[in-house]
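Colleague: Following this line is target.txt, made up of compact mmCIF, C-alpha atoms and all ligand atoms:
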# COMPACT_ATOMS: atom_id res chain seq x y z
CA MET T 173 50.38 13.19 -11.28
CA ILE T 174 47.65 13.49 -8.65
CA THR T 175 45.14 10.68 -9.12
CA LEU T 176 41.45 11.25 -8.76
CA ASP T 177 39.29 9.25 -6.42
CA GLY T 178 36.09 8.48 -8.35
CA LEU T 179 34.09 8.21 -5.15
CA ALA T 180 35.26 11.63 -3.95
CA ILE T 181 34.33 13.20 -7.31
CA LYS T 182 30.91 11.57 -7.14
CA ALA T 183 30.38 12.81 -3.58
CA LEU T 184 31.27 16.39 -4.62
CA GLY T 185 28.88 16.10 -7.57
CA GLU T 186 26.10 14.89 -5.30
CA ARG T 187 26.61 17.86 -2.96
CA ALA T 188 26.36 20.15 -6.01
CA SER T 189 23.29 18.34 -7.26
CA SER T 190 21.49 18.76 -3.95
CA LEU T 191 22.18 22.52 -3.81
CA ILE T 192 21.02 22.91 -7.43
CA GLU T 193 17.86 20.99 -6.54
CA GLY T 194 17.33 23.30 -3.56
CA LEU T 195 17.59 26.39 -5.78
CA ASN T 196 15.03 24.94 -8.19
CA ALA T 197 12.37 25.59 -5.54
CA PHE T 198 12.58 29.36 -6.14
CA SER T 199 10.62 29.86 -9.30
CA SER T 200 7.62 31.93 -10.35
CA GLN T 201 6.57 29.02 -12.55
CA GLU T 202 5.25 25.77 -11.07
CA ASP T 203 6.31 23.46 -13.87
CA GLY T 204 9.71 24.99 -14.71
CA LEU T 205 12.29 27.54 -13.66
CA THR T 206 11.78 31.29 -14.00
CA ARG T 207 13.62 33.53 -11.55
CA LEU T 208 13.92 37.12 -12.70
CA TYR T 209 16.11 39.78 -11.10
CA LEU T 210 14.53 41.38 -8.01
CA SER T 211 11.51 39.09 -8.03
CA LYS T 212 10.18 37.48 -4.86
CA GLU T 213 11.80 34.21 -5.97
CA HIS T 214 15.14 35.95 -6.46
CA LYS T 215 14.96 37.28 -2.90
CA GLU T 216 14.17 33.78 -1.60
CA ALA T 217 17.05 32.29 -3.61
CA CYS T 218 19.40 34.93 -2.12
CA ALA T 219 18.39 33.81 1.39
CA TYR T 220 18.96 30.15 0.41
CA VAL T 221 22.43 30.91 -0.99
CA CYS T 222 23.27 32.95 2.11
CA ALA T 223 22.33 30.00 4.35
CA ALA T 224 24.32 27.55 2.18
CA MET T 225 27.37 29.83 2.44
CA GLU T 226 27.04 30.05 6.22
CA THR T 227 26.67 26.26 6.51
CA VAL T 228 30.08 25.75 4.89
CA GLY T 229 31.71 28.37 7.14
CA LEU T 230 31.67 31.48 4.92
CA THR T 231 30.70 34.91 6.23
CA ALA T 232 27.62 35.71 4.15
CA SER T 233 25.76 38.92 3.35
CA ILE T 234 23.44 40.40 0.69
CA ASP T 235 24.37 43.78 -0.78
CA ALA T 236 22.25 46.74 -1.88
CA LEU T 237 21.77 45.33 -5.42
CA GLY T 238 20.94 41.78 -4.30
CA THR T 239 24.36 40.16 -4.84
CA VAL T 240 25.09 37.50 -2.22
CA HIS T 241 28.66 37.54 -0.87
CA GLY T 242 30.30 34.62 0.95
CA LEU T 243 33.75 35.40 2.32
CA LEU T 244 36.51 32.98 3.32
CA LYS T 245 39.30 34.84 5.08
CA ALA T 246 42.78 33.78 4.09
CA SER T 247 44.43 31.20 6.27
CA GLU T 248 47.87 32.76 5.83
CA GLY T 249 48.79 36.14 7.32
CA ASN T 250 46.83 39.32 6.72
CA PRO T 251 46.59 39.52 2.94
CA SER T 252 46.05 42.65 0.93
CA LYS T 253 44.47 40.73 -1.97
CA ARG T 254 41.25 38.88 -2.65
CA VAL T 255 40.16 36.44 -5.33
CA LEU T 256 36.53 36.49 -6.43
CA ILE T 257 34.52 33.52 -7.65
CA GLY T 258 31.09 34.16 -9.12
CA SER T 259 28.15 33.57 -11.35
CA HIS T 260 24.43 34.39 -11.25
CA ILE T 261 21.22 33.07 -9.73
CA ASP T 262 18.71 34.84 -11.99
CA THR T 263 17.38 32.78 -14.90
CA VAL T 264 15.70 33.30 -18.25
CA ARG T 265 11.97 32.50 -18.53
CA ASN T 266 11.44 28.73 -18.45
CA GLY T 267 15.20 28.25 -18.20
CA GLY T 268 17.50 25.48 -17.03
CA SER T 269 18.77 24.70 -13.53
CA TYR T 270 22.49 25.02 -14.21
CA ASP T 271 23.02 28.30 -16.11
CA GLY T 272 24.65 30.54 -13.48
CA ASN T 273 23.47 28.50 -10.49
CA LEU T 274 26.14 25.88 -11.15
CA GLY T 275 28.95 28.43 -10.86
CA VAL T 276 27.64 29.73 -7.53
CA VAL T 277 27.19 26.23 -6.12
CA VAL T 278 30.61 25.07 -7.34
CA GLY T 279 32.19 28.17 -5.76
CA ILE T 280 30.57 27.49 -2.38
CA LEU T 281 31.58 23.80 -2.43
CA ALA T 282 35.15 24.57 -3.53
CA LEU T 283 35.56 26.85 -0.51
CA GLU T 284 34.06 24.16 1.73
CA GLU T 285 36.72 21.76 0.39
CA ILE T 286 39.49 24.33 0.87
CA ARG T 287 38.51 24.59 4.53
CA LYS T 288 38.02 20.84 5.03
CA ARG T 289 41.34 19.95 3.41
CA GLY T 290 43.17 22.65 5.38
CA ILE T 291 44.50 24.25 2.17
CA LYS T 292 46.30 27.48 3.01
CA LEU T 293 45.71 30.43 0.69
CA PRO T 294 47.59 33.74 0.73
CA PHE T 295 44.47 35.74 -0.21
CA ASP T 296 40.85 36.09 0.88
CA VAL T 297 38.36 34.34 -1.40
CA GLU T 298 34.81 35.52 -1.90
CA VAL T 299 31.95 33.79 -3.73
CA LEU T 300 29.50 36.19 -5.41
CA ALA T 301 25.99 35.20 -6.50
CA PHE T 302 24.97 37.95 -8.93
CA GLY T 303 21.37 38.78 -9.76
CA ASP T 304 21.12 40.39 -13.18
CA GLU T 305 23.12 38.40 -15.71
CA GLU T 306 20.28 37.46 -18.04
CA GLY T 307 18.86 40.93 -18.62
CA VAL T 308 15.38 39.47 -19.06
CA ARG T 309 13.23 41.57 -16.74
CA PHE T 310 14.72 45.04 -17.24
CA PRO T 311 16.44 46.42 -20.35
CA THR T 312 19.73 46.22 -18.44
CA THR T 313 22.17 43.41 -18.02
CA LEU T 314 25.05 42.56 -15.67
CA LEU T 315 23.94 45.35 -13.32
CA SER T 316 24.95 43.62 -10.10
CA ALA T 317 28.39 42.57 -11.41
CA SER T 318 28.91 46.08 -12.85
CA ALA T 319 28.48 47.55 -9.37
CA ILE T 320 31.21 45.31 -7.93
CA ALA T 321 33.46 46.03 -10.94
CA GLY T 322 32.89 49.77 -10.42
CA VAL T 323 31.54 50.31 -13.95
CA LEU T 324 27.83 50.77 -13.24
CA ASP T 325 25.90 53.47 -15.05
CA PRO T 326 23.41 54.87 -12.46
CA SER T 327 20.99 55.98 -15.21
CA GLU T 328 20.12 52.27 -15.62
CA PHE T 329 18.24 52.39 -12.30
CA ASP T 330 15.56 54.47 -14.04
CA LEU T 331 14.85 51.82 -16.69
CA SER T 332 11.58 49.94 -16.26
CA ASP T 333 10.28 46.43 -16.79
CA ALA T 334 7.22 45.61 -18.95
CA ASP T 335 4.92 46.56 -16.01
CA GLY T 336 6.51 50.01 -15.72
CA ILE T 337 8.41 49.19 -12.49
CA SER T 338 11.86 50.79 -12.46
CA VAL T 339 14.98 48.99 -11.23
CA ARG T 340 15.18 51.62 -8.47
CA ASP T 341 11.64 50.87 -7.23
CA ALA T 342 12.05 47.10 -7.55
CA LEU T 343 15.21 47.35 -5.44
CA LYS T 344 13.43 49.41 -2.79
CA ALA T 345 10.56 46.92 -2.63
CA LEU T 346 13.02 44.13 -1.89
CA GLY T 347 15.03 46.01 0.71
CA GLY T 348 17.81 47.05 -1.69
CA ASP T 349 19.01 50.58 -2.41
CA ALA T 350 20.10 52.04 -5.75
CA ASP T 351 21.69 55.03 -4.03
CA SER T 352 24.18 52.81 -2.18
CA ALA T 353 25.38 51.07 -5.36
CA SER T 354 28.47 53.21 -5.87
CA ALA T 355 29.83 52.05 -2.50
CA LEU T 356 29.84 48.43 -3.70
CA ALA T 357 32.81 48.81 -6.08
CA TYR T 358 35.88 46.77 -5.20
CA SER T 359 39.35 48.21 -5.44
CA ARG T 360 41.49 47.16 -8.39
CA ASP T 361 44.60 47.03 -6.22
CA GLU T 362 43.04 44.52 -3.87
CA THR T 363 41.36 42.26 -6.41
CA LEU T 364 43.67 39.64 -7.84
CA ALA T 365 41.34 37.65 -10.08
CA TYR T 366 37.75 36.72 -10.88
CA LEU T 367 37.11 33.03 -11.59
CA GLU T 368 33.84 31.74 -13.03
CA VAL T 369 32.71 28.17 -13.61
CA HIS T 370 29.76 27.92 -16.02
CA ILE T 371 27.90 25.28 -17.97
CA GLU T 372 29.13 25.49 -21.57
CA GLN T 373 25.63 26.05 -23.02
CA GLY T 374 26.88 24.61 -26.31
CA PRO T 375 27.88 21.23 -27.75
CA VAL T 376 31.69 21.47 -28.04
CA LEU T 377 32.84 19.69 -24.85
CA GLU T 378 30.30 16.91 -25.36
CA SER T 379 31.52 16.42 -28.93
CA LYS T 380 35.09 16.06 -27.58
CA ASP T 381 33.95 13.74 -24.77
CA LEU T 382 35.40 16.10 -22.13
CA PRO T 383 33.90 17.18 -18.80
CA LEU T 384 35.76 20.52 -18.61
CA GLY T 385 37.38 23.12 -20.86
CA VAL T 386 39.32 26.36 -20.36
CA VAL T 387 37.63 29.47 -21.76
CA THR T 388 39.77 31.78 -23.91
CA ALA T 389 37.36 34.70 -24.52
CA ILE T 390 33.72 35.81 -24.33
CA ALA T 391 32.16 37.07 -27.56
CA GLY T 392 31.13 40.72 -27.72
CA ALA T 393 27.42 41.54 -27.81
CA ARG T 394 25.01 44.37 -28.44
CA ARG T 395 21.28 44.59 -27.78
CA PHE T 396 18.68 46.86 -29.37
CA SER T 397 14.97 47.44 -29.44
CA PHE T 398 13.26 48.66 -32.64
CA THR T 399 9.77 50.13 -32.24
CA TYR T 400 7.77 50.87 -35.40
CA LYS T 401 4.79 53.22 -35.21
CA GLY T 402 1.88 52.57 -37.56
CA VAL T 403 -1.77 53.62 -37.69
CA ALA T 404 -4.41 51.34 -36.18
CA GLY T 405 -7.29 50.62 -38.51
CA HIS T 406 -10.09 48.21 -39.33
CA ALA T 407 -8.76 44.87 -40.68
CA GLY T 408 -11.70 44.63 -43.09
CA THR T 409 -11.90 48.12 -44.53
CA VAL T 410 -8.42 49.60 -45.08
CA PRO T 411 -7.04 48.47 -48.48
CA MET T 412 -3.53 46.98 -48.38
CA GLY T 413 -1.97 49.86 -50.28
CA LEU T 414 -3.32 52.46 -47.84
CA ARG T 415 -2.07 50.91 -44.61
CA LYS T 416 0.67 52.01 -42.20
CA ASP T 417 1.12 48.60 -40.61
CA ALA T 418 3.78 48.43 -37.88
CA ALA T 419 3.62 44.61 -37.76
CA VAL T 420 4.61 44.34 -41.43
CA SER T 421 7.64 46.58 -40.86
CA ALA T 422 8.73 44.46 -37.89
CA ALA T 423 8.33 41.26 -39.91
CA GLN T 424 10.41 42.68 -42.78
CA LEU T 425 13.16 43.70 -40.38
CA ILE T 426 13.26 40.23 -38.80
CA CYS T 427 13.90 38.72 -42.27
CA GLU T 428 16.62 41.34 -42.98
CA ILE T 429 18.37 40.55 -39.67
CA ASP T 430 18.41 36.85 -40.52
CA LYS T 431 19.88 37.62 -43.95
CA VAL T 432 22.64 39.88 -42.56
CA ALA T 433 23.77 37.25 -40.03
CA LYS T 434 23.67 34.36 -42.51
CA ALA T 435 25.69 36.33 -45.06
CA GLU T 436 28.73 36.47 -42.74
CA GLU T 437 31.24 33.79 -43.74
CA GLN T 438 34.46 34.43 -41.83
CA PHE T 439 33.25 34.83 -38.23
CA SER T 440 30.47 33.16 -36.29
CA LEU T 441 28.13 36.15 -36.23
CA VAL T 442 24.75 35.44 -34.61
CA ALA T 443 21.68 37.70 -34.48
CA THR T 444 18.50 36.84 -32.58
CA VAL T 445 15.06 38.44 -32.39
CA GLY T 446 13.75 36.83 -29.20
CA ASP T 447 10.90 39.17 -28.30
CA VAL T 448 8.21 40.71 -30.52
CA ARG T 449 5.29 42.75 -29.15
CA ILE T 450 2.48 43.98 -31.34
CA LYS T 451 -0.09 46.56 -30.19
CA PRO T 452 -2.99 46.73 -29.81
CA GLY T 453 -2.75 42.97 -30.41
CA ALA T 454 -6.19 42.13 -31.75
CA VAL T 455 -7.10 39.87 -34.66
CA ASN T 456 -9.12 42.51 -36.50
CA VAL T 457 -6.98 45.62 -35.92
CA ILE T 458 -3.99 46.82 -38.00
CA ALA T 459 -1.01 47.18 -35.64
CA ASP T 460 -0.14 50.72 -34.60
CA GLU T 461 3.00 49.63 -32.76
CA ALA T 462 5.44 46.77 -33.16
CA MET T 463 8.54 46.31 -31.01
CA LEU T 464 11.22 43.75 -31.67
CA SER T 465 14.35 43.02 -29.66
CA LEU T 466 17.71 42.24 -31.21
CA ASP T 467 20.76 40.52 -29.72
CA VAL T 468 23.87 40.44 -31.97
CA ARG T 469 27.09 38.64 -31.01
CA CYS T 470 30.43 37.89 -32.61
CA GLU T 471 33.97 37.10 -31.52
CA ASP T 472 35.18 39.86 -33.89
CA ASP T 473 34.06 43.31 -32.76
CA GLU T 474 34.50 44.95 -36.18
CA CYS T 475 32.42 42.30 -37.91
CA ARG T 476 29.66 42.73 -35.31
CA GLN T 477 29.71 46.52 -35.67
CA GLN T 478 29.39 46.25 -39.46
CA ALA T 479 26.41 43.93 -39.07
CA GLU T 480 24.78 46.31 -36.57
CA ALA T 481 25.19 49.21 -38.98
CA ALA T 482 23.65 47.17 -41.83
CA ILE T 483 20.67 46.23 -39.64
CA VAL T 484 20.11 49.81 -38.47
CA ALA T 485 20.22 50.99 -42.10
CA ALA T 486 17.68 48.31 -43.06
CA ALA T 487 15.42 49.33 -40.15
CA ASN T 488 15.41 52.96 -41.32
CA ARG T 489 14.85 52.00 -44.97
CA ILE T 490 11.84 49.83 -44.02
CA ALA T 491 10.48 52.66 -41.84
CA SER T 492 10.55 55.09 -44.73
CA GLU T 493 9.26 52.63 -47.39
CA ASN T 494 6.27 51.66 -45.21
CA ASN T 495 5.67 55.09 -43.72
CA THR T 496 6.08 53.65 -40.20
CA PRO T 497 8.66 55.69 -38.23
CA VAL T 498 11.03 53.65 -36.11
CA GLU T 499 12.59 54.37 -32.70
CA ILE T 500 15.87 52.53 -32.19
CA ILE T 501 17.26 52.01 -28.68
CA ASP T 502 20.67 50.49 -28.10
CA TYR T 503 20.98 49.33 -24.51
CA THR T 504 23.92 46.96 -24.16
CA ALA T 505 27.26 47.06 -25.91
CA ILE T 506 30.12 44.87 -24.76
CA ASP T 507 33.24 44.17 -26.80
CA THR T 508 34.85 40.75 -26.85
CA VAL T 509 36.66 40.08 -23.58
CA HIS T 510 39.77 37.88 -23.38
CA CYS T 511 40.51 35.66 -20.41
CA SER T 512 43.87 36.13 -18.70
CA LYS T 513 46.61 34.04 -20.35
CA ARG T 514 48.12 33.28 -16.94
CA LEU T 515 44.81 32.02 -15.52
CA GLN T 516 44.25 29.95 -18.68
CA THR T 517 47.67 28.35 -18.27
CA LEU T 518 47.04 27.56 -14.60
CA ALA T 519 43.60 26.10 -15.39
CA GLY T 520 45.11 24.04 -18.23
CA GLU T 521 47.69 22.63 -15.80
CA VAL T 522 44.91 21.77 -13.35
CA LEU T 523 43.05 19.82 -16.03
CA GLN T 524 46.23 17.95 -16.94
CA ASP T 525 46.89 17.17 -13.25
CA MET T 526 43.39 15.69 -13.19
CA GLY T 527 44.22 13.47 -16.16
CA LEU T 528 42.25 15.62 -18.64
CA PRO T 529 43.50 17.45 -21.74
CA ASP T 530 44.11 21.20 -21.58
CA PHE T 531 41.26 21.92 -23.98
CA ARG T 532 40.48 25.57 -24.82
CA LEU T 533 37.28 27.04 -26.26
CA MET T 534 35.58 30.40 -26.53
CA SER T 535 32.20 31.47 -25.16
CA GLY T 536 29.41 32.66 -27.40
CA ALA T 537 27.19 33.22 -24.34
CA GLY T 538 27.52 36.26 -22.11
CA HIS T 539 28.71 36.00 -18.50
CA ASP T 540 29.26 38.15 -15.42
CA GLY T 541 32.98 37.78 -16.23
CA GLN T 542 32.49 40.23 -19.11
CA VAL T 543 32.27 43.14 -16.70
CA MET T 544 34.40 41.64 -13.94
CA ALA T 545 37.27 41.65 -16.48
CA GLN T 546 37.23 45.44 -16.16
CA LEU T 547 38.17 45.06 -12.49
CA CYS T 548 40.78 42.30 -12.60
CA ASP T 549 42.10 39.26 -14.50
CA LEU T 550 39.34 36.94 -15.71
CA GLY T 551 39.51 33.14 -15.72
CA MET T 552 36.67 30.81 -16.76
CA LEU T 553 36.09 27.08 -16.85
CA PHE T 554 33.29 25.48 -18.83
CA VAL T 555 31.47 22.31 -17.79
CA ARG T 556 29.98 19.89 -20.34
CA CYS T 557 26.31 20.47 -21.16
CA LYS T 558 24.10 17.60 -22.28
CA GLY T 559 23.20 17.95 -25.97
CA GLY T 560 24.56 21.51 -25.86
CA ILE T 561 21.03 22.56 -24.76
CA SER T 562 20.64 25.67 -22.59
CA HIS T 563 18.07 28.40 -21.85
CA ASN T 564 15.69 25.46 -21.90
CA PRO T 565 14.28 23.23 -19.12
CA LEU T 566 16.16 20.31 -20.70
CA GLU T 567 19.53 21.87 -19.78
CA HIS T 568 21.56 19.21 -17.95
CA CYS T 569 24.95 18.72 -16.35
CA SER T 570 25.90 15.29 -14.96
CA THR T 571 26.64 14.73 -11.28
CA GLU T 572 30.12 13.47 -12.14
CA ASP T 573 30.93 16.53 -14.28
CA MET T 574 29.83 18.82 -11.42
CA GLY T 575 32.19 16.88 -9.13
CA TYR T 576 35.03 17.44 -11.61
CA ALA T 577 34.18 21.15 -11.68
CA VAL T 578 34.40 21.50 -7.88
CA GLU T 579 37.69 19.59 -7.79
CA ALA T 580 39.14 21.71 -10.61
CA LEU T 581 38.19 24.95 -8.89
CA VAL T 582 39.80 23.82 -5.61
CA ARG T 583 43.01 23.02 -7.47
CA TRP T 584 42.89 26.22 -9.53
CA LEU T 585 42.69 28.30 -6.34
CA GLU T 586 45.49 26.29 -4.77
CA LYS T 587 47.72 26.77 -7.83
CA LEU T 588 46.94 30.48 -7.96
CA GLY T 589 47.83 30.65 -4.26
CA SER T 590 51.27 29.09 -4.77
CA HIS T 591 51.98 31.33 -7.76
CA HIS T 592 50.92 34.39 -5.84
CA SER T 593 53.10 33.47 -2.84
CA SER T 594 56.13 32.88 -5.02
CA GLU T 595 55.59 36.20 -6.86
CA SER T 596 55.11 38.39 -3.79
C1 LIG D 601 23.12 35.05 -21.03
O1 LIG D 601 22.93 33.87 -20.87
C2 LIG D 601 23.37 35.54 -22.36
O2 LIG D 601 24.40 35.15 -22.95
O3 LIG D 601 22.51 36.25 -22.87
MN MN D 602 24.74 32.33 -17.47
MN MN D 603 21.83 32.51 -19.49
Could you spell out this file's structure in structure tokens?
Ligand code: GLV
Ligand code: MN
Ligand code: MN
Modeller:
Amino acid sequence: MITLDGLAIKALGERASSLIEGLNAFSSQEDGLTRLYLSKEHKEACAYVCAAMETVGLTASIDALGTVHGLLKASEGNPSKRVLIGSHIDTVRNGGSYDGNLGVVVGILALEEIRKRGIKLPFDVEVLAFGDEEGVRFPTTLLSASAIAGVLDPSEFDLSDADGISVRDALKALGGDADSASALAYSRDETLAYLEVHIEQGPVLESKDLPLGVVTAIAGARRFSFTYKGVAGHAGTVPMGLRKDAAVSAAQLICEIDKVAKAEEQFSLVATVGDVRIKPGAVNVIADEAMLSLDVRCEDDECRQQAEAAIVAAANRIASENNTPVEIIDYTAIDTVHCSKRLQTLAGEVLQDMGLPDFRLMSGAGHDGQVMAQLCDLGMLFVRCKGGISHNPLEHCSTEDMGYAVEALVRWLEKLGSHHSSES
């Protein structure tokens, strides 16, 4: 068994910590971290990541959709294959420092170690820092990874943020180009695997007292917006029975959604209304419009689809009972994605070589790997998250755990390299 040098792990963790700290500077919020796709801060973070990649000897570039690429050419021969490592550098509003950023930083440092240790790999390796994993600014998600995976729907470039700016225009303003997106797709024949390291964002590893775990699958998800139309009126004069109040319809639907999700007993179905907007938004005016967002997830696709159908039926029933027509938009649908068995086995062996158990868990959170799995085999490692808290400024990952993550990724790549050489 290979023994671990505690000091080396700590040093790797400190390198990760300093890059994470550096990325924290790119935020639209002074007292926290908000970095939305194609914002000024996102552009600055791309330049920072590019420089960090170049410092460790990678060939870095930024593509037409704002994904940063850092390439390490193979040290053996002239390979026909490449392995991708990735995660994202956009954040939610008032988010944590590790969600996404950790995977990018760990990828860069793992390749630095591969070079420093003179490890020979029979494939090129590229780190990708994606820009649109959170889907917070535009009603799109995983756009930048979808382009690389060759599954992008170009109609998404016409979708707009809350200020009416389309993805296409936001790209242009930052020097990107929607029309070049189709050229970004990687070939399936050349892409061997996509590996992603991500903070767990839940409490399981902490409860098991483990720094790392091997991910088995990513739960499927669907997102909607429901917009009820009412009639604005004077808050003091229109009797309750004569109102067409869009806010009341939205409130009733929120309660229905909660009921549908809580009624599921077999699978861990979750449904979240994270955004509600009422118009005109005045204390003395009956609402003439109410929009609510919905995010539904479940490891079982059929169970999720049944819940979605029940919610849509409830939304229509409420619309007709309250005389407030509803417009329903469905903008993201991803089925549950399974990680490659072979990559899970190799990652499990790596953990055991490091003196850790081969612990497996599934992901309730979404990741760039969900679309990258349409291009090639997907492998994911989770890193322990303090208190299971994420999408919150309190999100935390210890320096030592980040060191373990870098070491594990180095060894995972090395193992994949020996398997690939012996297979080809
Ligand atoms: C991203 O963090 C998501 O799961 O929504
Ligand atoms: Mn993430
Ligand atoms: Mn996230």
Colleague: Would you mind listing, for every residue of chain T within 8 Å of ligand LIG 601 (chain D), the two atoms forming the shortest contact and the distance between them in Å to one decimal, using only C-alpha atoms and all ligand atoms, sorted by chain and ascending residue number, as a Markdown table?
Modeller:
| residue | atom | partner | partner_atom | distance |
| --- | --- | --- | --- | --- |
| T:Val264 | CA | D:LIG601 | O1 | 7.7 |
| T:Asp271 | CA | D:LIG601 | O1 | 7.3 |
| T:Glu305 | CA | D:LIG601 | C1 | 6.3 |
| T:Glu306 | CA | D:LIG601 | C1 | 4.8 |
| T:Gly307 | CA | D:LIG601 | O3 | 7.3 |
| T:Gly536 | CA | D:LIG601 | O2 | 7.1 |
| T:Ala537 | CA | D:LIG601 | O2 | 3.7 |
| T:Gly538 | CA | D:LIG601 | O2 | 3.4 |
| T:His539 | CA | D:LIG601 | C1 | 6.2 |
| T:His563 | CA | D:LIG601 | O1 | 7.4 |
Colleague: Grab me every residue within 12 Å of ligand MN 602 (chain D), counting all atoms listed in the file, and send it over as a PyMOL selection string.
Modeller: chain T and resi 258-264+267-276+301-308+313-314+368-374+390+535-542+554+562-563+567
Colleague: Using all atoms listed in the file, find the one residue out of T:Leu208, T:Ala342, T:Ile234, T:Leu585 that sits nearest to ligand MN 603 (chain D).
Modeller: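 Between T:Leu208, T:Ala342, T:Ile234, T:Leu585, the residue approaching ligand MN 603 (chain D) most closely is T:Leu208.
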Colleague: Between atom CA of Val448 of chain T and atom CA of Asp330 of chain T, what is the spacing in Å?
Modeller: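 Going from atom CA of Asp330 of chain T over to atom CA of Val448 of chain T covers 22.7 Å.
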Colleague: Just how far from atom CA of Leu384 of chain T is atom CA of Gly229 of chain T, in Å to one decimal?
Modeller: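 Spanning atom CA of Gly229 of chain T to atom CA of Leu384 of chain T is a straight-line distance of 27.2 Å.
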Colleague: Show me, as a list in words, the residues that have an atom within 9 Å of Pro497 of chain T when counting all atoms listed in the file, minus same-chain residues fewer than 3 positions from it.
Modeller: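 Counting only the stated atoms, we get Thr399, Tyr400, Lys401, Gly402, Ala418, Asn488, Ile490, Ala491, Ser492 and Asn494 of chain T.
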Colleague: Could you tell me which of T:Leu176, T:His510, T:Ile257, T:Thr206 comes closest to ligand MN 603 (chain D) if we count all atoms listed in the file?
Modeller: T:Thr206
Colleague: What is the distance between atom CA of Glu378 of chain T and atom CA of Arg556 of chain T, in Å to one decimal?
Modeller: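 Interatomic distance here is 5.8 Å.
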Colleague: Can you list, as a ChimeraX atom specification, every protein, DNA or RNA residue that comes within 12 Å of Ser397 of chain T when you count all atoms listed in the file, leaving out same-chain residues fewer than 5 positions away?
Modeller: /T:311,422,425-426,444-449,462-468,483-484,487,498-504
Colleague: Excluding Val578 of chain T and residues on its chain fewer than 3 positions from it, collect all residues at most 7 Å away from it, counting only C-alpha atoms, and give them as a list of chain:residue names.
Modeller: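 Residues meeting the cut-off are T:Leu184, T:Val278, T:Leu281, T:Ala282, T:Met574, T:Gly575, T:Leu581, T:Val582.
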Colleague: Determine, counting all atoms listed in the file, which protein, DNA and RNA residues have an atom within 12 Å of an atom of Ala519 of chain T; residues of the same chain fewer than 4 positions away are not included. Present the result as an mmCIF file with C-alpha atoms, in the frame of the given file.
Modeller:
data_model
loop_
_atom_site.group_PDB
_atom_site.id
_atom_site.type_symbol
_atom_site.label_atom_id
_atom_site.label_comp_id
_atom_site.auth_asym_id
_atom_site.auth_seq_id
_atom_site.Cartn_x
_atom_site.Cartn_y
_atom_site.Cartn_z
ATOM 1 C CA LEU T 367 37.110 33.030 -11.590
ATOM 2 C CA GLU T 368 33.840 31.740 -13.030
ATOM 3 C CA VAL T 369 32.710 28.170 -13.610
ATOM 4 C CA LEU T 384 35.760 20.520 -18.610
ATOM 5 C CA GLY T 385 37.380 23.120 -20.860
ATOM 6 C CA VAL T 386 39.320 26.360 -20.360
ATOM 7 C CA VAL T 387 37.630 29.470 -21.760
ATOM 8 C CA THR T 388 39.770 31.780 -23.910
ATOM 9 C CA CYS T 511 40.510 35.660 -20.410
ATOM 10 C CA SER T 512 43.870 36.130 -18.700
ATOM 11 C CA LYS T 513 46.610 34.040 -20.350
ATOM 12 C CA ARG T 514 48.120 33.280 -16.940
ATOM 13 C CA LEU T 515 44.810 32.020 -15.520
ATOM 14 C CA LEU T 523 43.050 19.820 -16.030
ATOM 15 C CA GLN T 524 46.230 17.950 -16.940
ATOM 16 C CA ASP T 525 46.890 17.170 -13.250
ATOM 17 C CA MET T 526 43.390 15.690 -13.190
ATOM 18 C CA LEU T 528 42.250 15.620 -18.640
ATOM 19 C CA PRO T 529 43.500 17.450 -21.740
ATOM 20 C CA ASP T 530 44.110 21.200 -21.580
ATOM 21 C CA PHE T 531 41.260 21.920 -23.980
ATOM 22 C CA ARG T 532 40.480 25.570 -24.820
ATOM 23 C CA LEU T 550 39.340 36.940 -15.710
ATOM 24 C CA GLY T 551 39.510 33.140 -15.720
ATOM 25 C CA MET T 552 36.670 30.810 -16.760
ATOM 26 C CA LEU T 553 36.090 27.080 -16.850
ATOM 27 C CA PHE T 554 33.290 25.480 -18.830
ATOM 28 C CA ALA T 577 34.180 21.150 -11.680
ATOM 29 C CA GLU T 579 37.690 19.590 -7.790
ATOM 30 C CA ALA T 580 39.140 21.710 -10.610
ATOM 31 C CA LEU T 581 38.190 24.950 -8.890
ATOM 32 C CA VAL T 582 39.800 23.820 -5.610
ATOM 33 C CA ARG T 583 43.010 23.020 -7.470
ATOM 34 C CA TRP T 584 42.890 26.220 -9.530
ATOM 35 C CA LEU T 585 42.690 28.300 -6.340
ATOM 36 C CA GLU T 586 45.490 26.290 -4.770
ATOM 37 C CA LYS T 587 47.720 26.770 -7.830
ATOM 38 C CA LEU T 588 46.940 30.480 -7.960
#
Colleague: Near Val221 of chain T, counting only C-alpha atoms, which residues have an atom at most 12 Å away, once you skip same-chain residues fewer than 4 positions from it, shown as a VMD selection string?
Modeller: chain T and resid 191 to 192 194 to 196 198 214 to 217 225 to 228 230 to 234 238 to 242 260 to 261 273 to 274 276 to 281 299 to 303
Colleague: Could you tell me which of T:Asn564, T:Ala389, T:Lys451, T:Ala319 comes closest to ligand MN 603 (chain D) if we count only C-alpha atoms and all ligand atoms?
Modeller: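 Nearest candidate to ligand MN 603 (chain D) out of T:Asn564, T:Ala389, T:Lys451, T:Ala319: T:Asn564.
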Colleague: Name the closest residue to ligand MN 603 (chain D) among the candidates T:Ser590, T:Ile337, T:Glu186, T:Ile561; distances are taken between atoms, counting only C-alpha atoms and all ligand atoms.
Modeller: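 Counting only C-alpha atoms and all ligand atoms, the residue closest to ligand MN 603 (chain D) is T:Ile561.
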Colleague: Taking all atoms listed in the file into account, name the residue in T:Lys416, T:Arg265, T:Lys212, T:Arg187 that is nearest to ligand MN 603 (chain D).
Modeller: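 Once distances to ligand MN 603 (chain D) are computed over all atoms listed in the file, the minimum belongs to T:Arg265.
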